[in-house]
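Text of structure-v5.pdb, listed as PDB, C-alpha atoms, pLDDT in the B column:
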MODEL        1
ATOM      1  CA  MET A   1     -59.857 -17.041 -13.085  1.00 75.00           C
ATOM      2  CA  ARG A   2     -61.677 -13.799 -12.407  1.00 78.00           C
ATOM      3  CA  LYS A   3     -60.540 -13.861  -8.777  1.00 79.00           C
ATOM      4  CA  LEU A   4     -56.965 -14.361  -9.931  1.00 78.00           C
ATOM      5  CA  ASN A   5     -57.199 -11.288 -12.178  1.00 81.00           C
ATOM      6  CA  ILE A   6     -58.608  -9.210  -9.335  1.00 82.00           C
ATOM      7  CA  VAL A   7     -55.801 -10.314  -6.988  1.00 76.00           C
ATOM      8  CA  PHE A   8     -53.211  -9.563  -9.670  1.00 77.00           C
ATOM      9  CA  LEU A   9     -54.620  -6.046 -10.293  1.00 75.00           C
ATOM     10  CA  LEU A  10     -54.746  -5.421  -6.559  1.00 73.00           C
ATOM     11  CA  LEU A  11     -51.088  -6.417  -6.155  1.00 72.00           C
ATOM     12  CA  VAL A  12     -50.012  -4.246  -9.099  1.00 69.00           C
ATOM     13  CA  SER A  13     -51.881  -1.220  -7.782  1.00 70.00           C
ATOM     14  CA  LEU A  14     -50.396  -1.626  -4.305  1.00 67.00           C
ATOM     15  CA  ALA A  15     -46.879  -2.082  -5.667  1.00 66.00           C
ATOM     16  CA  CYS A  16     -46.947   1.292  -7.377  1.00 65.00           C
ATOM     17  CA  SER A  17     -46.507   4.273  -5.118  1.00 64.00           C
ATOM     18  CA  ASP A  18     -46.432   7.995  -5.633  1.00 65.00           C
ATOM     19  CA  GLN A  19     -43.006   8.386  -4.014  1.00 67.00           C
ATOM     20  CA  LYS A  20     -40.326   9.828  -6.228  1.00 69.00           C
ATOM     21  CA  ILE A  21     -36.886   8.272  -6.464  1.00 70.00           C
ATOM     22  CA  ASP A  22     -33.955  10.552  -5.678  1.00 72.00           C
ATOM     23  CA  THR A  23     -32.047  10.131  -8.929  1.00 78.00           C
ATOM     24  CA  THR A  24     -28.998  12.096  -7.766  1.00 82.00           C
ATOM     25  CA  LYS A  25     -28.381   9.655  -4.917  1.00 78.00           C
ATOM     26  CA  ALA A  26     -28.950   6.737  -7.244  1.00 75.00           C
ATOM     27  CA  ARG A  27     -26.454   8.150  -9.741  1.00 79.00           C
ATOM     28  CA  GLU A  28     -23.870   8.739  -6.997  1.00 78.00           C
ATOM     29  CA  GLY A  29     -24.309   5.149  -5.873  1.00 76.00           C
ATOM     30  CA  LEU A  30     -23.799   3.861  -9.395  1.00 76.00           C
ATOM     31  CA  LYS A  31     -20.769   6.099  -9.918  1.00 75.00           C
ATOM     32  CA  SER A  32     -19.115   4.782  -6.752  1.00 71.00           C
ATOM     33  CA  GLN A  33     -19.522   1.245  -8.090  1.00 73.00           C
ATOM     34  CA  GLU A  34     -17.933   1.986 -11.458  1.00 74.00           C
ATOM     35  CA  ILE A  35     -14.758   0.140 -12.274  1.00 75.00           C
ATOM     36  CA  GLN A  36     -11.761   2.444 -12.356  1.00 76.00           C
ATOM     37  CA  VAL A  37      -8.751   1.668 -14.476  1.00 82.00           C
ATOM     38  CA  VAL A  38      -5.570   2.440 -12.567  1.00 85.00           C
ATOM     39  CA  SER A  39      -2.294   2.445 -14.467  1.00 90.00           C
ATOM     40  CA  ASP A  40       0.893   0.827 -13.186  1.00 91.00           C
ATOM     41  CA  ALA A  41       2.509   4.280 -13.006  1.00 92.00           C
ATOM     42  CA  ASP A  42      -0.295   5.540 -10.744  1.00 92.00           C
ATOM     43  CA  ILE A  43       0.087   2.479  -8.527  1.00 91.00           C
ATOM     44  CA  LEU A  44       3.840   2.995  -8.177  1.00 92.00           C
ATOM     45  CA  GLU A  45       3.370   6.701  -7.423  1.00 94.00           C
ATOM     46  CA  LYS A  46       0.804   5.940  -4.721  1.00 92.00           C
ATOM     47  CA  ALA A  47       3.079   3.223  -3.272  1.00 91.00           C
ATOM     48  CA  MET A  48       5.869   5.801  -2.963  1.00 92.00           C
ATOM     49  CA  GLU A  49       3.521   8.144  -1.068  1.00 91.00           C
ATOM     50  CA  ILE A  50       2.384   5.350   1.243  1.00 86.00           C
ATOM     51  CA  GLY A  51       5.946   4.186   1.888  1.00 86.00           C
ATOM     52  CA  LYS A  52       7.208   7.672   2.737  1.00 86.00           C
ATOM     53  CA  ARG A  53       4.235   8.308   5.006  1.00 84.00           C
ATOM     54  CA  ASP A  54       4.342   4.991   6.860  1.00 81.00           C
ATOM     55  CA  LEU A  55       8.120   4.747   7.352  1.00 79.00           C
ATOM     56  CA  MET A  56       8.957   8.089   8.933  1.00 78.00           C
ATOM     57  CA  ILE A  57      11.797   7.638  11.425  1.00 77.00           C
ATOM     58  CA  GLU A  58      11.191   9.295  14.759  1.00 76.00           C
ATOM     59  CA  SER A  59      14.558   8.312  16.223  1.00 76.00           C
ATOM     60  CA  ILE A  60      17.479   6.005  15.545  1.00 79.00           C
ATOM     61  CA  SER A  61      20.304   5.061  17.868  1.00 77.00           C
ATOM     62  CA  ALA A  62      23.303   2.768  17.605  1.00 79.00           C
ATOM     63  CA  GLY A  63      23.604  -0.127  19.995  1.00 77.00           C
ATOM     64  CA  GLU A  64      26.334  -2.612  20.727  1.00 76.00           C
ATOM     65  CA  ASN A  65      27.724  -4.944  18.060  1.00 71.00           C
ATOM     66  CA  GLY A  66      26.544  -2.744  15.204  1.00 68.00           C
ATOM     67  CA  THR A  67      22.859  -3.021  16.051  1.00 74.00           C
ATOM     68  CA  PHE A  68      20.429  -0.158  15.700  1.00 76.00           C
ATOM     69  CA  SER A  69      17.301   0.791  17.543  1.00 76.00           C
ATOM     70  CA  ILE A  70      14.747   2.460  15.310  1.00 77.00           C
ATOM     71  CA  HIS A  71      11.491   4.087  16.358  1.00 77.00           C
ATOM     72  CA  LEU A  72       9.002   4.945  13.643  1.00 77.00           C
ATOM     73  CA  SER A  73       6.344   7.640  13.885  1.00 74.00           C
ATOM     74  CA  GLN A  74       3.161   6.711  15.699  1.00 68.00           C
ATOM     75  CA  ALA A  75       1.241   6.796  12.410  1.00 64.00           C
ATOM     76  CA  SER A  76       3.279   3.862  11.129  1.00 70.00           C
ATOM     77  CA  LYS A  77       1.642   0.462  11.053  1.00 75.00           C
ATOM     78  CA  TYR A  78       4.966  -1.344  10.663  1.00 74.00           C
ATOM     79  CA  ASN A  79       7.218  -2.889  13.261  1.00 72.00           C
ATOM     80  CA  PRO A  80      10.781  -1.603  12.651  1.00 68.00           C
ATOM     81  CA  ASN A  81      12.209  -5.051  13.415  1.00 68.00           C
ATOM     82  CA  GLU A  82      10.251  -6.511  10.488  1.00 76.00           C
ATOM     83  CA  VAL A  83      11.045  -3.884   7.848  1.00 81.00           C
ATOM     84  CA  PHE A  84      14.601  -2.747   8.703  1.00 82.00           C
ATOM     85  CA  PHE A  85      17.460  -4.784   7.260  1.00 83.00           C
ATOM     86  CA  PRO A  86      20.980  -3.685   8.326  1.00 83.00           C
ATOM     87  CA  PHE A  87      23.814  -4.180   5.861  1.00 83.00           C
ATOM     88  CA  GLU A  88      26.022  -5.849   8.474  1.00 82.00           C
ATOM     89  CA  GLN A  89      23.582  -8.620   9.431  1.00 81.00           C
ATOM     90  CA  GLU A  90      22.266 -11.699   7.635  1.00 84.00           C
ATOM     91  CA  ASN A  91      18.641 -11.624   6.533  1.00 84.00           C
ATOM     92  CA  GLN A  92      16.045 -14.038   5.210  1.00 85.00           C
ATOM     93  CA  LEU A  93      15.051 -12.071   2.115  1.00 86.00           C
ATOM     94  CA  GLU A  94      14.311 -13.984  -1.068  1.00 88.00           C
ATOM     95  CA  GLY A  95      13.638 -13.303  -4.736  1.00 89.00           C
ATOM     96  CA  LYS A  96      13.197  -9.738  -5.903  1.00 90.00           C
ATOM     97  CA  SER A  97      13.461  -8.387  -2.350  1.00 88.00           C
ATOM     98  CA  LYS A  98      16.894  -9.994  -1.971  1.00 90.00           C
ATOM     99  CA  GLU A  99      18.006  -8.518  -5.313  1.00 92.00           C
ATOM    100  CA  VAL A 100      16.920  -5.037  -4.259  1.00 91.00           C
ATOM    101  CA  PHE A 101      18.650  -5.384  -0.876  1.00 89.00           C
ATOM    102  CA  ASP A 102      21.837  -6.532  -2.621  1.00 92.00           C
ATOM    103  CA  ALA A 103      21.714  -3.460  -4.878  1.00 93.00           C
ATOM    104  CA  TYR A 104      21.479  -1.160  -1.845  1.00 91.00           C
ATOM    105  CA  ALA A 105      24.330  -3.076  -0.165  1.00 92.00           C
ATOM    106  CA  TYR A 106      26.449  -2.704  -3.314  1.00 94.00           C
ATOM    107  CA  ASN A 107      25.799   1.041  -3.337  1.00 92.00           C
ATOM    108  CA  HIS A 108      26.747   1.201   0.353  1.00 90.00           C
ATOM    109  CA  GLU A 109      30.024  -0.661  -0.208  1.00 92.00           C
ATOM    110  CA  ASN A 110      30.961   1.602  -3.118  1.00 93.00           C
ATOM    111  CA  ASP A 111      29.930   4.891  -1.447  1.00 90.00           C
ATOM    112  CA  ILE A 112      27.088   5.497  -3.884  1.00 91.00           C
ATOM    113  CA  SER A 113      24.116   7.272  -2.353  1.00 89.00           C
ATOM    114  CA  SER A 114      20.757   5.535  -2.606  1.00 90.00           C
ATOM    115  CA  SER A 115      17.281   6.996  -2.674  1.00 92.00           C
ATOM    116  CA  PRO A 116      13.806   5.623  -1.944  1.00 92.00           C
ATOM    117  CA  ASN A 117      12.499   3.346  -4.658  1.00 92.00           C
ATOM    118  CA  VAL A 118       9.382   1.398  -5.604  1.00 94.00           C
ATOM    119  CA  GLN A 119       9.019  -1.488  -7.997  1.00 92.00           C
ATOM    120  CA  PHE A 120       6.754  -4.400  -8.657  1.00 92.00           C
ATOM    121  CA  GLY A 121       7.507  -7.680  -6.950  1.00 87.00           C
ATOM    122  CA  GLU A 122       7.081 -11.102  -8.469  1.00 83.00           C
ATOM    123  CA  GLU A 123       3.985 -11.343 -10.678  1.00 83.00           C
ATOM    124  CA  LYS A 124       2.948  -7.771  -9.746  1.00 86.00           C
ATOM    125  CA  GLN A 125       0.981  -8.992  -6.704  1.00 90.00           C
ATOM    126  CA  PHE A 126       2.781  -6.563  -4.415  1.00 90.00           C
ATOM    127  CA  ILE A 127       4.938  -3.469  -4.653  1.00 91.00           C
ATOM    128  CA  ILE A 128       8.332  -3.340  -2.958  1.00 90.00           C
ATOM    129  CA  TYR A 129       9.058   0.014  -1.288  1.00 90.00           C
ATOM    130  CA  THR A 130      12.677   0.510  -0.264  1.00 89.00           C
ATOM    131  CA  ALA A 131      14.507   3.394   1.358  1.00 89.00           C
ATOM    132  CA  PRO A 132      17.988   3.716   2.817  1.00 88.00           C
ATOM    133  CA  VAL A 133      18.317   4.189   6.574  1.00 86.00           C
ATOM    134  CA  VAL A 134      20.888   6.866   7.397  1.00 86.00           C
ATOM    135  CA  PHE A 135      22.636   7.225  10.763  1.00 84.00           C
ATOM    136  CA  ASP A 136      25.312   9.886  11.355  1.00 83.00           C
ATOM    137  CA  GLY A 137      25.541  10.615   7.631  1.00 83.00           C
ATOM    138  CA  SER A 138      26.135   7.001   6.635  1.00 84.00           C
ATOM    139  CA  GLU A 139      23.705   4.457   5.245  1.00 86.00           C
ATOM    140  CA  VAL A 140      23.386   1.580   7.697  1.00 86.00           C
ATOM    141  CA  GLY A 141      20.593  -0.468   6.180  1.00 86.00           C
ATOM    142  CA  VAL A 142      17.402  -0.552   4.183  1.00 88.00           C
ATOM    143  CA  PHE A 143      13.723  -0.261   4.926  1.00 86.00           C
ATOM    144  CA  LEU A 144      12.003  -2.833   2.750  1.00 88.00           C
ATOM    145  CA  VAL A 145       8.226  -3.164   2.750  1.00 86.00           C
ATOM    146  CA  GLN A 146       6.057  -5.280   0.499  1.00 87.00           C
ATOM    147  CA  ILE A 147       2.746  -3.500   0.007  1.00 87.00           C
ATOM    148  CA  PRO A 148      -0.039  -5.620  -1.506  1.00 89.00           C
ATOM    149  CA  ARG A 149      -1.180  -4.192  -4.851  1.00 90.00           C
ATOM    150  CA  LYS A 150      -4.794  -4.598  -3.753  1.00 89.00           C
ATOM    151  CA  ASP A 151      -4.260  -2.256  -0.776  1.00 86.00           C
ATOM    152  CA  ILE A 152      -2.841   0.428  -3.035  1.00 89.00           C
ATOM    153  CA  VAL A 153      -5.600   0.151  -5.639  1.00 87.00           C
ATOM    154  CA  LEU A 154      -8.248   0.446  -2.920  1.00 85.00           C
ATOM    155  CA  THR A 155      -6.818   3.817  -1.838  1.00 85.00           C
ATOM    156  CA  PHE A 156      -7.857   5.282  -5.205  1.00 81.00           C
ATOM    157  CA  ALA A 157     -11.534   4.762  -4.321  1.00 70.00           C
ATOM    158  CA  ASP A 158     -11.292   7.230  -1.417  1.00 60.00           C
TER     159      ASP A 158
ENDMDL
END

Final structure tokens representation of the file:
Amino acid sequence: MRKLNIVFLLLVSLACSDQKIDTTKAREGLKSQEIQVVSDADILEKAMEIGKRDLMIESISAGENGTFSIHLSQASKYNPNEVFFPFEQENQLEGKSKEVFDAYAYNHENDISSSPNVQFGEEKQFIIYTAPVVFDGSEVGVFLVQIPRKDIVLTFAD
């Protein structure tokens, strides 16, 4: 028993050191791990910024049969063929995305100008960013991107 006490005291004395802990670094680490509450309005505002930044048109040209060739800025991570939906062609959109596209198409048919827009998709799991694509002063289609809500919320940590 006495040997056990000696070993225990030896371990306790070796475990304690005279080094000081940098409390400012520890506090910064704890602050970075705090949970931030981000409102829906902040998420939509950030989605608008991301959409405008990532969908900057570098050039657009008309092809045969009413097709368009679009080149986005090099900073864009999107393929124009996946996010551009012309009014004159069929598309495979569904749900809320289809409703938004139909609203832009209605505006196009009735000569109502459209502007970029963001809104929550089904069950708020993603945000739909839409913007009209203009060629020679006329709207020819819509950019439609579904941005995962998680990706937007993570940008607030930066």

Next item on the list: Find the residue from A:Ser97, A:Asn110, A:Thr24, A:Ser138 that sits nearest to Glu122 of chain A; use all atoms listed in the file when measuring.
Entry: A:Ser97

Which residues are close to Tyr106 of chain A, i.e. within 12 Å by all atoms listed in the file, leaving aside same-chain residues fewer than 5 positions away? Reply as a PDB file with C-alpha atoms, keeping the file's coordinate frame.
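The resulting file, selection-v4.pdb, is reproduced below:
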ATOM      1  CA  PHE A  87      23.814  -4.180   5.861  1.00 83.00           C
ATOM      2  CA  GLU A  99      18.006  -8.518  -5.313  1.00 92.00           C
ATOM      3  CA  VAL A 100      16.920  -5.037  -4.259  1.00 91.00           C
ATOM      4  CA  PHE A 101      18.650  -5.384  -0.876  1.00 89.00           C
ATOM      5  CA  ASP A 111      29.930   4.891  -1.447  1.00 90.00           C
ATOM      6  CA  ILE A 112      27.088   5.497  -3.884  1.00 91.00           C
ATOM      7  CA  SER A 113      24.116   7.272  -2.353  1.00 89.00           C
ATOM      8  CA  SER A 114      20.757   5.535  -2.606  1.00 90.00           C
ATOM      9  CA  GLU A 139      23.705   4.457   5.245  1.00 86.00           C
ATOM     10  CA  GLY A 141      20.593  -0.468   6.180  1.00 86.00           C
ATOM     11  CA  VAL A 142      17.402  -0.552   4.183  1.00 88.00           C
TER      12      VAL A 142
END

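Atom pair atom CA of Lys77 of chain A / atom CA of Lys46 of chain A: separated by 16.7 Å.
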
Checklist line | Result set of the PyMOL selection byres ((chain A and resi 136) around 10) on the coordinates above, as number ranges by chain | finding: A: 60-62, 134-135, 137-140

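With distances restricted to all atoms listed in the file, A:Lys52 is the closest residue to Thr130 of chain A from A:Asn65, A:Leu72, A:Lys52, A:Pro86.
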
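Atom to atom, atom CA of Gly121 of chain A and atom CA of Thr155 of chain A stand 19.1 Å apart.
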